[in-house]
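Source file: work.tsv; contents: TSV, C-alpha atoms.
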chain	number	residue	atom	x	y	z
A	1	MET	CA	-9.79	22.00	33.77
A	2	SER	CA	-6.29	21.20	32.54
A	3	GLY	CA	-4.79	22.03	29.20
A	4	ALA	CA	-4.20	18.32	28.55
A	5	GLY	CA	-7.82	17.27	29.05
A	6	SER	CA	-10.14	16.14	26.27
A	7	ASP	CA	-13.92	16.37	26.21
A	8	LEU	CA	-14.41	15.03	22.68
A	9	ASP	CA	-17.29	12.62	23.21
A	10	PRO	CA	-17.48	10.31	20.16
A	11	ARG	CA	-21.21	9.89	20.80
A	12	ALA	CA	-21.65	13.57	19.87
A	13	LEU	CA	-20.02	13.20	16.44
A	14	TYR	CA	-22.30	13.21	13.41
A	15	ARG	CA	-22.13	13.39	9.62
A	16	ALA	CA	-24.16	15.37	7.13
A	17	GLU	CA	-23.83	16.24	3.48
A	18	VAL	CA	-23.28	20.00	3.26
A	19	GLY	CA	-23.05	21.44	-0.22
A	20	GLY	CA	-22.05	18.05	-1.62
A	21	ILE	CA	-19.31	17.57	1.01
A	22	GLU	CA	-19.70	14.81	3.60
A	23	THR	CA	-19.06	16.81	6.75
A	24	ARG	CA	-18.23	15.54	10.22
A	25	TYR	CA	-19.46	17.76	13.03
A	26	TYR	CA	-19.84	17.81	16.80
A	27	ALA	CA	-23.23	18.66	18.29
A	28	ALA	CA	-24.15	18.60	21.98
A	29	GLY	CA	-26.03	20.55	24.60
A	30	ASP	CA	-29.64	21.47	25.30
A	31	ALA	CA	-31.53	22.41	22.14
A	32	ALA	CA	-33.38	25.05	24.14
A	33	GLN	CA	-30.14	26.97	24.78
A	34	PRO	CA	-28.70	29.57	22.38
A	35	ARG	CA	-26.69	28.09	19.52
A	36	LEU	CA	-22.91	28.49	19.45
A	37	VAL	CA	-20.73	27.40	16.53
A	38	LEU	CA	-16.95	26.85	16.77
A	39	VAL	CA	-15.09	27.18	13.45
A	40	HIS	CA	-11.49	25.96	13.41
A	41	GLY	CA	-8.65	27.46	11.38
A	42	GLY	CA	-6.27	26.22	8.74
A	43	GLN	CA	-6.95	25.51	5.09
A	44	TYR	CA	-7.72	22.55	2.86
A	45	GLY	CA	-5.40	19.70	3.81
A	46	SER	CA	-4.04	21.17	7.03
A	47	TYR	CA	-4.30	19.34	10.34
A	48	TYR	CA	-6.65	21.80	12.04
A	49	SER	CA	-10.01	20.20	12.84
A	50	LEU	CA	-12.86	20.27	15.33
A	51	ASP	CA	-10.59	18.12	17.54
A	52	SER	CA	-8.66	21.30	18.33
A	53	TRP	CA	-11.61	22.48	20.46
A	54	ASP	CA	-11.66	19.36	22.64
A	55	THR	CA	-10.47	21.20	25.75
A	56	VAL	CA	-13.49	23.56	25.83
A	57	LEU	CA	-16.37	21.46	24.51
A	58	ARG	CA	-17.84	20.25	27.79
A	59	PRO	CA	-18.10	23.61	29.60
A	60	LEU	CA	-19.52	25.30	26.50
A	61	GLN	CA	-22.11	22.62	25.82
A	62	GLN	CA	-23.36	23.03	29.38
A	63	ARG	CA	-24.41	26.58	28.46
A	64	PHE	CA	-25.18	26.42	24.74
A	65	ARG	CA	-26.43	24.19	21.98
A	66	LEU	CA	-22.93	23.64	20.65
A	67	PHE	CA	-21.81	22.83	17.11
A	68	ALA	CA	-18.31	22.41	15.66
A	69	PRO	CA	-17.78	21.28	12.04
A	70	ASP	CA	-14.74	19.89	10.27
A	71	ARG	CA	-14.17	22.12	7.27
A	72	PRO	CA	-13.77	20.50	3.80
A	73	GLY	CA	-10.53	18.57	3.33
A	74	GLN	CA	-9.78	18.83	7.05
A	75	GLY	CA	-10.38	16.55	10.00
A	76	HIS	CA	-12.76	13.78	8.98
A	77	SER	CA	-14.74	15.72	6.37
A	78	ALA	CA	-14.45	14.86	2.69
A	79	ALA	CA	-12.12	16.79	0.42
A	80	PRO	CA	-13.59	18.80	-2.45
A	81	GLY	CA	-14.14	16.70	-5.54
A	82	ALA	CA	-13.21	19.32	-8.15
A	83	PRO	CA	-10.48	21.98	-8.38
A	84	GLY	CA	-12.99	24.78	-7.89
A	85	GLY	CA	-13.77	23.40	-4.47
A	86	TYR	CA	-10.34	24.56	-3.28
A	87	ARG	CA	-11.14	28.22	-3.72
A	88	TRP	CA	-11.50	30.31	-0.56
A	89	GLU	CA	-15.05	31.19	-1.61
A	90	ALA	CA	-16.04	27.50	-1.58
A	91	GLY	CA	-15.15	27.36	2.11
A	92	GLU	CA	-17.34	30.39	2.75
A	93	ARG	CA	-20.30	28.73	1.03
A	94	HIS	CA	-19.74	25.55	3.04
A	95	ILE	CA	-19.89	27.23	6.45
A	96	GLU	CA	-22.92	29.29	5.36
A	97	ARG	CA	-24.76	26.14	4.32
A	98	PHE	CA	-23.73	24.43	7.56
A	99	LEU	CA	-25.47	27.23	9.48
A	100	GLU	CA	-28.55	26.97	7.29
A	101	GLU	CA	-28.89	23.19	7.03
A	102	VAL	CA	-27.39	21.75	10.23
A	103	VAL	CA	-27.52	24.53	12.82
A	104	ARG	CA	-30.79	25.77	11.30
A	105	GLY	CA	-30.69	29.35	12.38
A	106	PRO	CA	-28.61	32.18	13.79
A	107	ALA	CA	-25.85	31.41	16.26
A	108	HIS	CA	-23.03	32.91	18.24
A	109	LEU	CA	-20.03	32.41	15.94
A	110	VAL	CA	-16.53	31.68	17.28
A	111	GLY	CA	-13.76	31.49	14.69
A	112	HIS	CA	-10.10	30.73	15.25
A	113	SER	CA	-7.28	31.90	12.96
A	114	ARG	CA	-8.53	31.60	9.35
A	115	GLY	CA	-11.82	30.44	10.80
A	116	ALA	CA	-12.15	33.95	12.25
A	117	LEU	CA	-12.02	35.43	8.76
A	118	LEU	CA	-14.67	32.92	7.68
A	119	VAL	CA	-17.15	33.85	10.42
A	120	CYS	CA	-16.43	37.56	9.99
A	121	ARG	CA	-17.24	37.30	6.29
A	122	LEU	CA	-20.36	35.30	7.08
A	123	ALA	CA	-21.61	37.95	9.52
A	124	LEU	CA	-21.00	40.72	6.97
A	125	ARG	CA	-22.76	38.81	4.21
A	126	ARG	CA	-25.51	37.14	6.26
A	127	PRO	CA	-26.11	39.07	9.49
A	128	ASP	CA	-29.32	37.06	9.90
A	129	LEU	CA	-27.15	34.03	10.75
A	130	ALA	CA	-24.89	35.76	13.29
A	131	MET	CA	-25.85	36.71	16.84
A	132	THR	CA	-22.33	37.70	17.96
A	133	LEU	CA	-18.76	37.20	16.78
A	134	VAL	CA	-15.73	35.98	18.73
A	135	LEU	CA	-12.58	36.38	16.60
A	136	VAL	CA	-9.78	34.29	18.13
A	137	ASP	CA	-6.15	35.01	17.17
A	138	ALA	CA	-7.44	36.26	13.85
A	139	GLY	CA	-4.15	36.64	12.00
A	140	SER	CA	-5.76	36.16	8.58
A	141	LEU	CA	-8.02	39.13	9.25
A	142	ALA	CA	-5.61	41.52	10.98
A	143	PRO	CA	-4.57	44.58	8.95
A	144	GLU	CA	-1.08	44.62	7.49
A	145	ASP	CA	1.39	46.65	9.54
A	146	PRO	CA	5.18	46.94	9.20
A	147	ALA	CA	5.42	46.54	12.98
A	148	TYR	CA	4.70	42.81	12.67
A	149	PRO	CA	5.00	40.21	9.89
A	150	ARG	CA	2.06	38.55	8.21
A	151	SER	CA	1.17	35.21	9.78
A	152	GLU	CA	2.14	33.44	6.54
A	153	ARG	CA	5.78	34.25	7.30
A	154	PHE	CA	5.59	32.18	10.47
A	155	TYR	CA	4.44	29.10	8.57
A	156	GLU	CA	7.10	29.56	5.90
A	157	ARG	CA	9.80	29.31	8.60
A	158	LEU	CA	8.53	26.09	10.18
A	159	PRO	CA	10.87	23.10	9.75
A	160	ALA	CA	9.98	20.51	7.14
A	161	PRO	CA	8.37	17.33	8.50
A	162	PRO	CA	10.37	14.10	8.50
A	163	PRO	CA	10.15	12.15	5.24
A	164	GLY	CA	7.66	9.35	4.87
A	165	GLU	CA	4.21	8.82	6.34
A	166	ALA	CA	3.16	11.50	8.82
A	167	GLY	CA	3.72	10.57	12.44
A	168	ALA	CA	3.74	12.28	15.81
A	169	ALA	CA	6.86	14.33	15.03
A	170	ALA	CA	5.26	15.77	11.88
A	171	VAL	CA	1.91	16.74	13.37
A	172	ARG	CA	3.50	18.31	16.46
A	173	ILE	CA	5.62	20.82	14.50
A	174	GLU	CA	3.02	23.55	14.10
A	175	PRO	CA	1.21	23.38	17.47
A	176	GLU	CA	4.52	23.14	19.36
A	177	ALA	CA	5.82	26.24	17.58
A	178	GLN	CA	2.55	28.05	18.34
A	179	SER	CA	2.48	27.27	22.07
A	180	LEU	CA	4.21	28.32	25.27
A	181	SER	CA	3.65	24.88	26.78
A	182	GLN	CA	3.24	21.47	25.21
A	183	ALA	CA	1.01	20.20	28.03
A	184	HIS	CA	-2.06	20.40	25.81
A	185	LEU	CA	-0.44	18.08	23.24
A	186	SER	CA	-1.54	14.91	24.97
A	187	ASP	CA	-0.81	11.49	23.49
A	188	ASP	CA	-4.53	11.14	22.75
A	189	PHE	CA	-4.73	14.45	20.87
A	190	VAL	CA	-1.51	13.83	18.92
A	191	GLY	CA	-2.77	10.37	18.01
A	192	ARG	CA	-5.93	11.87	16.57
A	193	LEU	CA	-3.84	14.38	14.59
A	194	VAL	CA	-1.80	11.53	13.15
A	195	ALA	CA	-4.97	9.70	12.12
A	196	ILE	CA	-6.19	12.85	10.38
A	197	ALA	CA	-2.85	13.41	8.66
A	198	ARG	CA	-2.94	9.89	7.18
A	199	ARG	CA	-6.51	10.07	5.85
A	200	PRO	CA	-6.60	9.73	2.04
A	201	GLU	CA	-8.95	12.73	1.82
A	202	VAL	CA	-6.50	14.95	3.71
A	203	LEU	CA	-3.56	13.68	1.67
A	204	ARG	CA	-5.47	14.45	-1.52
A	205	ALA	CA	-6.31	17.94	-0.28
A	206	ARG	CA	-2.65	18.57	0.56
A	207	ARG	CA	-1.60	17.54	-2.94
A	208	GLU	CA	-4.22	19.78	-4.53
A	209	MET	CA	-3.16	22.73	-2.40
A	210	ALA	CA	0.51	22.16	-3.23
A	211	GLU	CA	-0.38	22.18	-6.93
A	212	ARG	CA	-3.15	24.76	-7.09
A	213	GLY	CA	-3.16	26.70	-3.83
A	214	SER	CA	-1.29	29.74	-5.11
A	215	SER	CA	-3.60	30.09	-8.12
A	216	LEU	CA	-6.95	28.97	-6.68
A	217	PHE	CA	-6.93	29.51	-2.91
A	218	GLN	CA	-4.60	32.40	-2.12
A	219	PRO	CA	-6.15	35.06	-4.40
A	220	GLY	CA	-9.56	34.46	-2.85
A	221	LEU	CA	-8.12	34.61	0.66
A	222	GLU	CA	-6.43	37.94	-0.06
A	223	ARG	CA	-9.59	39.34	-1.63
A	224	ALA	CA	-11.70	38.17	1.33
A	225	ARG	CA	-9.34	39.84	3.80
A	226	ALA	CA	-9.29	43.12	1.88
A	227	GLU	CA	-13.06	43.21	1.43
A	228	ALA	CA	-13.69	42.38	5.10
A	229	LEU	CA	-11.35	45.10	6.32
A	230	GLN	CA	-12.90	47.62	3.94
A	231	ALA	CA	-16.41	46.76	5.13
A	232	ILE	CA	-15.37	46.94	8.79
A	233	GLY	CA	-13.77	50.33	8.20
A	234	GLU	CA	-16.77	51.72	6.34
A	235	ARG	CA	-19.69	50.37	8.37
A	236	GLY	CA	-18.35	48.19	11.19
A	237	LEU	CA	-19.52	44.70	12.08
A	238	PRO	CA	-23.27	44.10	12.34
A	239	VAL	CA	-23.18	42.24	15.68
A	240	PRO	CA	-21.37	42.56	19.03
A	241	THR	CA	-17.79	41.41	18.54
A	242	LEU	CA	-15.10	40.12	20.88
A	243	ILE	CA	-11.51	39.96	19.64
A	244	LEU	CA	-9.78	37.37	21.82
A	245	TRP	CA	-6.02	36.86	21.57
A	246	GLY	CA	-3.35	34.72	23.15
A	247	ALA	CA	-1.07	37.36	24.65
A	248	GLN	CA	2.04	35.45	23.56
A	249	ASP	CA	0.85	34.36	20.11
A	250	PRO	CA	4.09	33.76	18.13
A	251	SER	CA	2.58	33.71	14.62
A	252	THR	CA	0.44	36.82	14.91
A	253	PRO	CA	1.55	39.01	17.83
A	254	ALA	CA	-0.86	40.69	20.20
A	255	LEU	CA	-0.16	43.97	18.40
A	256	ALA	CA	-2.05	42.57	15.41
A	257	GLY	CA	-5.09	42.10	17.65
A	258	GLU	CA	-4.79	45.71	18.77
A	259	ARG	CA	-4.64	46.93	15.16
A	260	LEU	CA	-7.71	44.89	14.25
A	261	TRP	CA	-9.59	46.19	17.28
A	262	ASP	CA	-8.60	49.77	16.45
A	263	LEU	CA	-10.52	49.32	13.21
A	264	VAL	CA	-13.45	47.34	14.56
A	265	ARG	CA	-14.26	49.62	17.49
A	266	ARG	CA	-14.72	52.75	15.38
A	267	ARG	CA	-18.03	51.66	13.86
A	268	THR	CA	-19.07	48.51	15.74
A	269	GLU	CA	-21.62	49.30	18.41
A	270	LEU	CA	-20.30	46.82	20.96
A	271	SER	CA	-16.76	45.53	20.67
A	272	GLU	CA	-14.05	44.38	23.05
A	273	LEU	CA	-10.46	43.24	22.86
A	274	ARG	CA	-9.33	40.77	25.51
A	275	PHE	CA	-5.98	39.03	25.95
A	276	ILE	CA	-5.40	35.64	27.54
A	277	GLU	CA	-2.07	35.53	29.33
A	278	GLY	CA	0.11	32.45	29.26
A	279	ALA	CA	-1.15	31.40	25.84
A	280	GLY	CA	0.00	31.39	22.26
A	281	HIS	CA	-2.01	30.90	19.08
A	282	TYR	CA	-4.12	28.08	20.56
A	283	CYS	CA	-5.25	30.07	23.58
A	284	PHE	CA	-8.32	27.86	24.03
A	285	ARG	CA	-6.07	24.82	24.41
A	286	GLU	CA	-3.38	26.32	26.64
A	287	GLN	CA	-5.77	28.26	28.89
A	288	PRO	CA	-9.19	26.64	28.39
A	289	ALA	CA	-10.76	27.89	31.63
A	290	ALA	CA	-9.81	31.51	30.84
A	291	PHE	CA	-11.06	31.11	27.27
A	292	VAL	CA	-14.45	29.78	28.33
A	293	SER	CA	-14.77	32.47	31.00
A	294	GLU	CA	-14.06	35.26	28.52
A	295	VAL	CA	-16.47	33.92	25.90
A	296	VAL	CA	-19.30	33.34	28.37
A	297	ASP	CA	-18.77	36.72	30.01
A	298	PHE	CA	-18.79	38.59	26.71
A	299	LEU	CA	-21.86	36.83	25.38
A	300	GLY	CA	-23.64	37.63	28.63
A	301	SER	CA	-22.65	41.29	28.31
A	302	ALA	CA	-23.84	41.37	24.71
A	303	ARG	CA	-27.17	39.83	25.70
A	304	ASP	CA	-27.67	42.33	28.48
A	305	GLY	CA	-26.37	45.29	26.50
A	306	ALA	CA	-23.80	45.90	29.24
A	307	GLY	CA	-20.64	45.73	27.15
A	308	GLY	CA	-18.61	48.76	26.26
A	309	HIS	CA	-18.03	50.43	22.91
A	310	GLY	CA	-14.36	49.64	22.43
A	311	THR	CA	-13.29	48.07	25.72
A	312	LEU	CA	-9.83	46.57	26.35
A	313	ARG	CA	-9.34	43.85	28.95
A	314	GLY	CA	-6.78	41.25	29.88
A	315	SER	CA	-7.33	37.78	31.30
A	316	GLY	CA	-5.30	35.10	33.01

So that I can check it, write out the structure of this file as structure tokens.
Amino acid sequence: MSGAGSDLDPRALYRAEVGGIETRYYAAGDAAQPRLVLVHGGQYGSYYSLDSWDTVLRPLQQRFRLFAPDRPGQGHSAAPGAPGGYRWEAGERHIERFLEEVVRGPAHLVGHSRGALLVCRLALRRPDLAMTLVLVDAGSLAPEDPAYPRSERFYERLPAPPPGEAGAAAVRIEPEAQSLSQAHLSDDFVGRLVAIARRPEVLRARREMAERGSSLFQPGLERARAEALQAIGERGLPVPTLILWGAQDPSTPALAGERLWDLVRRRTELSELRFIEGAGHYCFREQPAAFVSEVVDFLGSARDGAGGHGTLRGSG
């Protein structure tokens, strides 16, 4: 499996109305297998989408009934129709309803970046919908520490895109800066990012976030982070949890993963921290075979009750 490969089968793409939002999602694999849901990162109007998972879809759908949604205002899902839809809390309601209405039951939840905060919050609020958690490069959830900057600082320092309609140079800025290698940025993947960046729904979401993000979105994000960390500290997470981190993540260093795990392992019955070497923020794109191996191994350990209480491992 190479980092440049894509397993995004267009025949496995569907649409459903979820909470009034037309939502594109990927669904594949044997319905008799356990459900696994991949939740991408980013925020309304950013270029993150279910396409980001294309390097790991095929091996995961061979073992699970696999789902991966586009979040509102991202990918090929519709943007919220009213200003209130750009609140952080609206995104939480959307993923909860996706689990209820599309997945139709509990699932193993894998969240990347801000998607990790989403699935963590979902498990805390609705443990009946979560079988396990895999928190991938969860910078938006990691505790603040003077030893490393908040992930927002990384994005503030990124160069501005070229003027005019978004093209390959614009959509490559963030994933290039987040990666050790650009091999996973294939022409096919970049082309799909460009198509997403030019969608009217995504452009509208970007304008709304530029105008209202600091007043509508950011306060809810900060509150969600604080409440999640408080709950983890007081009672732990309700399901087995793997914290999985690209060892060379430039936006949220591996130390942030260690600080998060330090908190999680105190009161979470089964938790592990694992690093994937040779990978930055998109560890599942740069090292897809290692990513799949770690996820499958952990979920097997959780099923068998063989995992450790606070175990640290490396991979790659």

- Message: For a test of reading the model, state the distance in Å between CA of Ala79 in chain A and CA of Gln218 in chain A, rounded to one decimal.
- Response: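 Taking CA of Ala79 in chain A as the start and CA of Gln218 in chain A as the end point, the length is 17.5 Å.
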
- Exercise: residues within 6 Å of coordinate (-8.1, 22.3, 21.7), counting all atoms listed in the file, as a PyMOL selection string: chain A and resi 52-55+285

Per-residue nearest contacts of range 43-109 of chain A to range 202-212 of chain A (12 Å; all atoms listed in the file) as a Markdown table:
| residue | atom | partner | partner_atom | distance |
| --- | --- | --- | --- | --- |
| A:Gln43 | CA | A:Met209 | CA | 8.8 |
| A:Tyr44 | CA | A:Ala205 | CA | 5.8 |
| A:Gly45 | CA | A:Arg206 | CA | 4.4 |
| A:Ser46 | CA | A:Arg206 | CA | 7.1 |
| A:Tyr47 | CA | A:Val202 | CA | 8.3 |
| A:Tyr48 | CA | A:Val202 | CA | 10.8 |
| A:Ser49 | CA | A:Val202 | CA | 11.1 |
| A:Asp70 | CA | A:Val202 | CA | 11.6 |
| A:Arg71 | CA | A:Val202 | CA | 11.1 |
| A:Pro72 | CA | A:Ala205 | CA | 8.9 |
| A:Gly73 | CA | A:Val202 | CA | 5.4 |
| A:Gln74 | CA | A:Val202 | CA | 6.1 |
| A:Gly75 | CA | A:Val202 | CA | 7.6 |
| A:His76 | CA | A:Val202 | CA | 8.3 |
| A:Ser77 | CA | A:Val202 | CA | 8.7 |
| A:Ala78 | CA | A:Val202 | CA | 8.0 |
| A:Ala79 | CA | A:Ala205 | CA | 6.0 |
| A:Pro80 | CA | A:Ala205 | CA | 7.6 |
| A:Gly81 | CA | A:Ala205 | CA | 9.5 |
| A:Ala82 | CA | A:Glu208 | CA | 9.7 |
| A:Pro83 | CA | A:Glu208 | CA | 7.7 |
| A:Gly84 | CA | A:Arg212 | CA | 9.9 |
| A:Gly85 | CA | A:Ala205 | CA | 10.1 |
| A:Tyr86 | CA | A:Met209 | CA | 7.5 |
| A:Arg87 | CA | A:Arg212 | CA | 9.3 |
| A:Trp88 | CA | A:Met209 | CA | 11.4 |

- Interatomic distance, CA of Pro200 in chain A to CA of Leu8 in chain A (Å, one decimal):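 Value for the CA of Pro200 in chain A-CA of Leu8 in chain A distance: 22.7 Å.
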
- Query: Interatomic distance between CA of Ala28 in chain A and CA of Ala12 in chain A?
  - Reply: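 CA of Ala28 in chain A sits 6.0 Å away from CA of Ala12 in chain A.
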
- Pick from A:Glu165, A:Glu227, A:Glu222, A:Glu144 nearest to Ala256 in chain A, counting all atoms listed in the file: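 Checking each candidate against Ala256 in chain A, we get A:Glu144 as the closest.
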
- Note on the structure: Using all atoms listed in the file, the residue out of A:Thr23, A:Thr252, A:Gln33, A:Ser271 with shortest distance to Gly236 in chain A is A:Ser271

- Write out as a VMD selection string each polymer residue whose atoms come within 8 Å of Cys120 in chain A, counting only C-alpha atoms; drop sequence neighbours fewer than 2 positions from it. chain A and resid 116 to 118 122 to 124 133 135 228

- So which one's closest to Pro288 in chain A, A:Gly139, A:Pro219, A:His184, A:Glu22? Using only C-alpha atoms, please.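 Checking each of A:Gly139, A:Pro219, A:His184, A:Glu22 against Pro288 in chain A, counting only C-alpha atoms, the winner is A:His184.
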
- Message: Calculated over all atoms listed in the file, which of the candidates A:Asp30, A:Glu272, A:Glu294, A:Glu101 has the smallest distance to Ala16 in chain A?
- Response: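 Once distances to Ala16 in chain A are computed over all atoms listed in the file, the minimum belongs to A:Glu101.
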